[in-house]
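Enquirer: Below you will find the structure I want to go over with you.
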Amino acid sequence: MSRTVRTRIAPSPTGDPHVGTAYAALFNYAFAHTHGGQFILRIEDTDRTRSNQASEAMIFEALHWLGLTWDEGPDVGGPCGPYRQSERSEIYREHVKRLINAGHAYPCFCSKERLDKVRARQQAEGSTTVGYDGHCRAMAPADAALRRGEPHVVRLAMPREGQIVVKDLLRGEIAFEAAGIDDQVLLKSDGFPTYHLANVVDDHLMEISHVIRAEEWLSSLPKHVQLYRAFGWEPPVFCHLPLLRNADRSKISKRKNPVSLNYYRRAGYLPEALLNYLALMGWAMPDEREEFSLEEFARLLELERITLGGPIFDLEKLSWLNGKYIRGLTVVQLLERLRAGLLGDDYLLQVLPLIQERIETLEDFLDYGRFFFVGDVAYDDQALKKLVPKGRTPQDTAKVLKTLLDEHLDPLLDWQPERLESILRSFCEAAGWSPNELFMSVRVAVTGRAASPPLFDTMAVLGKEVCRRRIRRAAGALKSIK
RNA sequence: GCCCCUAUCGUCUAGCGGUUAGGACAUCGGCUUUUCAAGCCGAGAACACGGGUUCGACUCCCGUUGGGGGUGCCA
């Protein structure tokens with residue numbers, strides 16, 4: 001009870017920095033501060049194929065922008081490091097060994113094919129439990145030792161019967177039938193731990209007192225609790241936050257909502273307004289005041305008061321709040337905000353070289369460079385016509401743009417001219433479009449005009465978020481054409 | 001399919017057995033204003049349904065329905 005409060009945010013660096021990460025970080029940060037504890041940043045990069053350095057850097061950057069500073073983390077260090085899971089492999093391996101020796105875990109040599117087959121059969125039979133069937137659990141330790149050289153994973157030996165009762169701060173006790181939970185993989189065949197293992201081991205070793213995370217983890221809580229038991233550790237307090245939702249109530253996603261923190265930053269939302277809005281999701285101040293600072297939030301947050309209905313992330317209300325914050329600034333402060341972004345030297349110095357050769361008077365600058373500074377661009381009839389190459393239909397064009405965006409541009413984190421060019425060029429072949437066709441279409445989508453500075457440089461300067469939303473919008477506009 | 005969570009205006013929420021069910025966004029109307037915003041004032045708008053418990057349920061319990069999440073060698 002008197003234990004120091006230590007909370008953490010544990011993002012996985014596999015994409016653009018996510019608004020859900022900021023949401024969880026906000027509550028963890030605030031709770032730690034309410035209780036004079038520490039807030040820790042841990043990078044969960046155990047998925048070697050998806051984890052990526054650019055993503056990690058963007059997460060740091062985005063959280064710094066928001067002002068959610070951490071007391072311990074990969075960049076600032078701390079007594080419980082390293083804070084990057086990829087650098088802790090030895091720790092996990094040792095802990096797995098302990099579990100195996102105690103009979104709480106076992107090696108599993110089942111092939112992917114067998115696993116798929118088992119799952120397919122269970123599904124076909126309408127079996128009540130779908131998951132690993134425990135095939136290798138019966139293997140004698142001596143036999144397993146003999147096969148040590150073969151590729152294998154290590155699984156957690158879950159109790160076969162009875163109930164696993166877990167406790168969530170907001171929901172109270174929740175009982176799961178042990179029979180319905182399969183033996184989770186703890187150590188992958190590449191030697192890296194799964195989330196389940198790594199998060200339990202690290203939370204324990206890093207002395208995390210309160211695990212405040214998204215509700216999507218609630219169903220794996222019994223596995224985590226079982227791990228704490230197997231290790232003989234005292235589990236932390238668990239508090240599962242409601243999931244942010246799209247307007248249709250599904251879990252917030254990039255197809256239906258801007259989810260990248262970079263979007264909000266570029267669009268000109270003030271970090272304190274975003275944080276304030278996020279704090280309103282599932283939380284209300286005791287006096288119902290809706291505008292408050294991070295400090296006030298950190299002073300008054302009580303986890304018990306969090307509401308559990310999944311809140312819809314409402315851009316309209318966010319924008320209203322943001323407007324309030326902007327109006328609350330002095331003119332000089334407003335100028336500073338502008339200079340920190342769209343009207344800052346950094347950005348202007350990127351834009352100007354692309355415009356310089358194309359203007360004759362300084363006042364041409366605004367007219368010509370307009371699309372570098374606005375959010376959406378308008379597509380007039382002429383632009384709409386240029387968007388669709390001769391001989392192509394609006395529908396085809398919309399489809400090509402969407403595919404380009406979703407499958408090729410969206411996963412790109414290193415948003416540089418060279419990368420963009422190679423992606424667009426190879427996409428031409430895949431789509432069966434000529435570079436002329438595709439590049440003009442993308443140019444118009446991204447700038448609103450048929451004439452612009454070199455496409456890839458322009459896209460690079462505009463940034464991923466702006467390109468994304470404009471291409472998306474262009475595709476949408478095309479679809480509504482007859 | 002199975003497991004788990006969840007349910008107050010369109011949206012975010014207050015409520016914690018007895019209230020004309022309150023506030024905010026959005027919407028609509030008015031005032032202000034050269035215009036547009038902003039600001040101010042006002043209006044419409046909710047306890048999903050069915051059983052209990054109780055003198056009394058939005059509040060407690062059970063069920064139904066709706067919504068969500070999970071069911072990966074992803075987190």
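Following the order of the structure tokens, first chain is A, next is B, and so on, with residues numbered from 1 inside each chain and ligands from 1 in the order they appear.
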Taking only C-alpha atoms (C1' of nucleotides) into account, which residues of chain B are within 8 Å of chain A, as an NGL selection string?
Expert: :B and (1-7 or 11-14 or 23-26 or 67-71 or 73-75)
Enquirer: For those residues, write C-alpha atoms (C1' of nucleotides) to a file as a PDB file, in the first residue's frame.
Expert:
```pdb
ATOM      1  C1'   G B   1     -18.543 -20.272 -32.494  1.00  0.00           C
ATOM      2  C1'   C B   2     -16.357 -19.485 -27.597  1.00  0.00           C
ATOM      3  C1'   C B   3     -14.514 -16.069 -23.648  1.00  0.00           C
ATOM      4  C1'   C B   4     -14.451 -11.230 -21.459  1.00  0.00           C
ATOM      5  C1'   C B   5     -15.985  -6.089 -20.998  1.00  0.00           C
ATOM      6  C1'   U B   6     -19.811  -2.573 -21.608  1.00  0.00           C
ATOM      7  C1'   A B   7     -24.863   0.369 -21.940  1.00  0.00           C
ATOM      8  C1'   U B  11     -21.400  12.843 -29.234  1.00  0.00           C
ATOM      9  C1'   C B  12     -18.376  13.508 -24.347  1.00  0.00           C
ATOM     10  C1'   U B  13     -20.299  13.159 -19.580  1.00  0.00           C
ATOM     11  C1'   A B  14     -22.663  14.471 -14.061  1.00  0.00           C
ATOM     12  C1'   G B  23     -23.252  20.494 -17.926  1.00  0.00           C
ATOM     13  C1'   A B  24     -20.308  20.552 -22.608  1.00  0.00           C
ATOM     14  C1'   C B  25     -19.858  19.657 -28.165  1.00  0.00           C
ATOM     15  C1'   A B  26     -23.034  19.518 -32.315  1.00  0.00           C
ATOM     16  C1'   G B  67     -22.042  -2.177 -28.904  1.00  0.00           C
ATOM     17  C1'   G B  68     -16.837  -3.376 -28.209  1.00  0.00           C
ATOM     18  C1'   G B  69     -12.540  -6.313 -27.358  1.00  0.00           C
ATOM     19  C1'   G B  70     -10.031 -11.033 -27.389  1.00  0.00           C
ATOM     20  C1'   U B  71      -9.548 -15.720 -29.581  1.00  0.00           C
ATOM     21  C1'   C B  73       5.725 -17.520 -32.752  1.00  0.00           C
ATOM     22  C1'   C B  74       1.464  -8.806 -33.282  1.00  0.00           C
ATOM     23  C1'   A B  75       1.610  -5.770 -29.601  1.00  0.00           C
TER      24        A B  75
END
```
Enquirer: Using only C-alpha atoms (C1' of nucleotides), which protein or nucleic acid residues come within 10 Å of A57 of chain B? Drop anything in the same chain fewer than 4 positions from it, and give the result as a ChimeraX atom specification.
Expert: /B:17-18,53
Enquirer: So that I have them on file, write out the residues from the current selection with N, CA, C and O atoms (P, O5', C5', C4', C3', O3' and C1' of nucleotides), as an mmCIF file, in the first residue's frame.
Expert:
```
data_model
loop_
_atom_site.group_PDB
_atom_site.id
_atom_site.type_symbol
_atom_site.label_atom_id
_atom_site.label_comp_id
_atom_site.auth_asym_id
_atom_site.auth_seq_id
_atom_site.Cartn_x
_atom_site.Cartn_y
_atom_site.Cartn_z
ATOM 1 P P G B 17 -27.101 5.649 -3.467
ATOM 2 O "O5'" G B 17 -28.693 5.548 -3.528
ATOM 3 C "C5'" G B 17 -29.295 5.250 -4.771
ATOM 4 C "C4'" G B 17 -30.678 5.872 -4.839
ATOM 5 C "C3'" G B 17 -31.042 6.599 -3.525
ATOM 6 O "O3'" G B 17 -31.301 7.992 -3.583
ATOM 7 C "C1'" G B 17 -32.497 4.681 -3.944
ATOM 8 P P G B 18 -31.978 8.980 -4.549
ATOM 9 O "O5'" G B 18 -33.540 8.673 -4.461
ATOM 10 C "C5'" G B 18 -34.331 8.462 -5.645
ATOM 11 C "C4'" G B 18 -35.581 9.329 -5.623
ATOM 12 C "C3'" G B 18 -35.249 10.818 -5.418
ATOM 13 O "O3'" G B 18 -35.740 11.636 -6.491
ATOM 14 C "C1'" G B 18 -36.547 9.912 -3.548
ATOM 15 P P U B 53 -39.713 -9.111 -5.737
ATOM 16 O "O5'" U B 53 -38.518 -8.416 -4.938
ATOM 17 C "C5'" U B 53 -37.404 -9.190 -4.503
ATOM 18 C "C4'" U B 53 -36.332 -8.282 -3.958
ATOM 19 C "C3'" U B 53 -36.860 -7.097 -3.161
ATOM 20 O "O3'" U B 53 -37.166 -7.462 -1.819
ATOM 21 C "C1'" U B 53 -35.238 -6.341 -4.703
#
```
Enquirer: Please determine, counting only C-alpha atoms, which residue among A:Asp457, A:Glu407, A:Glu291, A:Asp376 has the shortest atom-to-atom distance to Leu352 of chain A.
Expert: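 Closest candidate: A:Asp457.
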Enquirer: Taking into account only C-alpha atoms, which residue in the set A:Ser434, A:Thr34, A:Gln350, A:Ser89 is nearest to Thr7 of chain A?
Expert: A:Thr34
Enquirer: Using only C-alpha atoms (C1' of nucleotides), which protein or nucleic acid residues come within 12 Å of Cys110 of chain A? Drop anything in the same chain fewer than 3 positions from it, and give the result as a list of chain:residue names.
Expert: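 Contacts, with the query itself left out: A:Pro107, A:Glu113, A:Arg114, A:Leu115, A:Asp116, A:Lys117, A:Val118, A:Tyr132, A:Asp133, A:Gly134, A:His135, A:Cys136, A:Arg137, A:Met139, A:Glu150, A:Pro151, A:His152, A:Val153, A:Val154, A:Arg155, A:Val185, A:Ser189, B:C73.
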Enquirer: Next, dump the selected residues to file, keeping only N, CA, C and O atoms (P, O5', C5', C4', C3', O3' and C1' of nucleotides), as a short mmCIF file (atom, residue, chain, number, x, y, z; two decimals), in the first residue's frame.
Expert:
```cif
data_model
loop_
_atom_site.label_atom_id
_atom_site.label_comp_id
_atom_site.auth_asym_id
_atom_site.auth_seq_id
_atom_site.Cartn_x
_atom_site.Cartn_y
_atom_site.Cartn_z
N PRO A 107 8.85 -26.60 -23.67
CA PRO A 107 9.17 -26.36 -25.07
C PRO A 107 8.11 -26.98 -25.96
O PRO A 107 7.54 -28.02 -25.62
N GLU A 113 2.21 -25.36 -39.56
CA GLU A 113 1.20 -26.10 -40.30
C GLU A 113 0.27 -26.87 -39.36
O GLU A 113 -0.94 -26.88 -39.52
N ARG A 114 0.90 -27.53 -38.38
CA ARG A 114 0.07 -28.29 -37.45
C ARG A 114 -0.84 -27.38 -36.66
O ARG A 114 -2.03 -27.65 -36.47
N LEU A 115 -0.28 -26.24 -36.24
CA LEU A 115 -1.08 -25.28 -35.47
C LEU A 115 -2.28 -24.79 -36.28
O LEU A 115 -3.40 -24.71 -35.78
N ASP A 116 -2.01 -24.50 -37.54
CA ASP A 116 -3.10 -24.03 -38.41
C ASP A 116 -4.17 -25.10 -38.55
O ASP A 116 -5.36 -24.82 -38.53
N LYS A 117 -3.70 -26.33 -38.70
CA LYS A 117 -4.63 -27.44 -38.89
C LYS A 117 -5.49 -27.62 -37.65
O LYS A 117 -6.71 -27.79 -37.73
N VAL A 118 -4.85 -27.57 -36.51
CA VAL A 118 -5.58 -27.74 -35.25
C VAL A 118 -6.65 -26.65 -35.12
O VAL A 118 -7.81 -26.92 -34.81
N TYR A 132 -4.16 -23.49 -28.92
CA TYR A 132 -3.21 -24.60 -28.87
C TYR A 132 -3.77 -25.76 -28.04
O TYR A 132 -4.36 -25.56 -26.97
N ASP A 133 -3.56 -26.96 -28.54
CA ASP A 133 -4.16 -28.14 -27.90
C ASP A 133 -3.26 -28.80 -26.85
O ASP A 133 -3.60 -29.85 -26.33
N GLY A 134 -2.11 -28.21 -26.58
CA GLY A 134 -1.26 -28.77 -25.53
C GLY A 134 -0.46 -29.99 -25.96
O GLY A 134 0.06 -30.72 -25.12
N HIS A 135 -0.36 -30.19 -27.25
CA HIS A 135 0.30 -31.37 -27.80
C HIS A 135 1.67 -31.66 -27.15
O HIS A 135 1.94 -32.79 -26.75
N CYS A 136 2.53 -30.66 -27.06
CA CYS A 136 3.90 -30.89 -26.58
C CYS A 136 4.02 -30.86 -25.06
O CYS A 136 5.09 -31.08 -24.51
N ARG A 137 2.92 -30.55 -24.41
CA ARG A 137 2.98 -30.42 -22.96
C ARG A 137 3.27 -31.76 -22.28
O ARG A 137 3.88 -31.81 -21.22
N MET A 139 5.18 -34.06 -23.44
CA MET A 139 6.50 -34.59 -23.77
C MET A 139 7.38 -34.69 -22.52
O MET A 139 7.42 -33.77 -21.70
N GLU A 150 16.46 -28.33 -32.22
CA GLU A 150 15.42 -28.02 -33.21
C GLU A 150 14.73 -26.70 -32.90
O GLU A 150 14.68 -26.27 -31.75
N PRO A 151 14.21 -26.04 -33.94
CA PRO A 151 13.47 -24.80 -33.69
C PRO A 151 12.24 -25.08 -32.84
O PRO A 151 11.53 -26.04 -33.09
N HIS A 152 12.06 -24.27 -31.84
CA HIS A 152 10.89 -24.47 -31.00
C HIS A 152 10.53 -23.19 -30.26
O HIS A 152 11.30 -22.24 -30.25
N VAL A 153 9.36 -23.20 -29.68
CA VAL A 153 8.94 -22.08 -28.84
C VAL A 153 8.82 -22.61 -27.42
O VAL A 153 8.92 -23.82 -27.19
N VAL A 154 8.61 -21.73 -26.48
CA VAL A 154 8.33 -22.17 -25.12
C VAL A 154 6.94 -21.65 -24.76
O VAL A 154 6.62 -20.49 -25.00
N ARG A 155 6.14 -22.55 -24.23
CA ARG A 155 4.78 -22.17 -23.87
C ARG A 155 4.56 -22.19 -22.37
O ARG A 155 5.19 -22.96 -21.65
N VAL A 185 2.35 -18.80 -26.03
CA VAL A 185 3.78 -18.79 -26.34
C VAL A 185 4.45 -17.69 -25.51
O VAL A 185 3.95 -16.56 -25.43
N SER A 189 10.40 -18.70 -31.56
CA SER A 189 11.50 -19.52 -32.06
C SER A 189 12.72 -18.68 -32.44
O SER A 189 13.81 -19.21 -32.59
P C B 73 0.67 -18.14 -32.17
"O5'" C B 73 2.12 -17.50 -32.21
"C5'" C B 73 2.81 -17.27 -31.04
"C4'" C B 73 4.08 -16.57 -31.41
"C3'" C B 73 3.93 -15.90 -32.78
"O3'" C B 73 4.22 -14.53 -32.67
"C1'" C B 73 5.72 -17.52 -32.75
#
```
Enquirer: Between atom CA of Ile481 of chain A and atom CA of Arg392 of chain A, what is the distance in Å, rounded to a tenth?
Expert: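 We find that atom CA of Ile481 of chain A and atom CA of Arg392 of chain A lie 13.2 Å from each other.
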Enquirer: Fewer than 6 positions away in the same chain doesn't count, so skip those; otherwise give me all residues within 9 Å of A46 of chain B, counting only C-alpha atoms (C1' of nucleotides), as a ChimeraX atom specification.
Expert: /B:8-9,21
Enquirer: Could you tell me, as a short mmCIF file (atom, residue, chain, number, x, y, z; two decimals) with all heavy atoms, in the first residue's frame, which residues of segment 91-130 of chain A DSSP assigns to strand (DSSP E) when given the backbone?
Expert:
```cif
data_model
loop_
_atom_site.label_atom_id
_atom_site.label_comp_id
_atom_site.auth_asym_id
_atom_site.auth_seq_id
_atom_site.Cartn_x
_atom_site.Cartn_y
_atom_site.Cartn_z
N ALA A 105 6.38 -24.07 -17.59
CA ALA A 105 6.48 -23.81 -19.02
C ALA A 105 7.15 -25.01 -19.67
O ALA A 105 7.80 -25.81 -19.00
CB ALA A 105 7.30 -22.54 -19.27
N TYR A 106 6.96 -25.13 -20.96
CA TYR A 106 7.54 -26.29 -21.65
C TYR A 106 7.85 -25.94 -23.10
O TYR A 106 7.19 -25.08 -23.69
CB TYR A 106 6.57 -27.48 -21.60
CG TYR A 106 5.24 -27.21 -22.24
CD1 TYR A 106 4.99 -27.55 -23.59
CD2 TYR A 106 4.21 -26.60 -21.53
CE1 TYR A 106 3.77 -27.30 -24.19
CE2 TYR A 106 2.98 -26.34 -22.11
CZ TYR A 106 2.77 -26.69 -23.44
OH TYR A 106 1.56 -26.43 -24.03
N PRO A 107 8.85 -26.60 -23.67
CA PRO A 107 9.17 -26.36 -25.07
C PRO A 107 8.11 -26.98 -25.96
O PRO A 107 7.54 -28.02 -25.62
CB PRO A 107 10.53 -27.04 -25.25
CG PRO A 107 10.63 -28.02 -24.14
CD PRO A 107 9.80 -27.53 -23.02
N CYS A 108 7.86 -26.34 -27.09
CA CYS A 108 6.86 -26.84 -28.03
C CYS A 108 7.46 -26.84 -29.42
O CYS A 108 7.97 -25.83 -29.88
CB CYS A 108 5.60 -25.97 -27.97
SG CYS A 108 4.47 -26.24 -29.34
#
```
Enquirer: Which one is closest to C41 of chain B: B:U19, B:G10, B:G29, B:G63? Count only C-alpha atoms (C1' of nucleotides).
Expert: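 Using only C-alpha atoms (C1' of nucleotides), the shortest distance to C41 of chain B belongs to B:G29.
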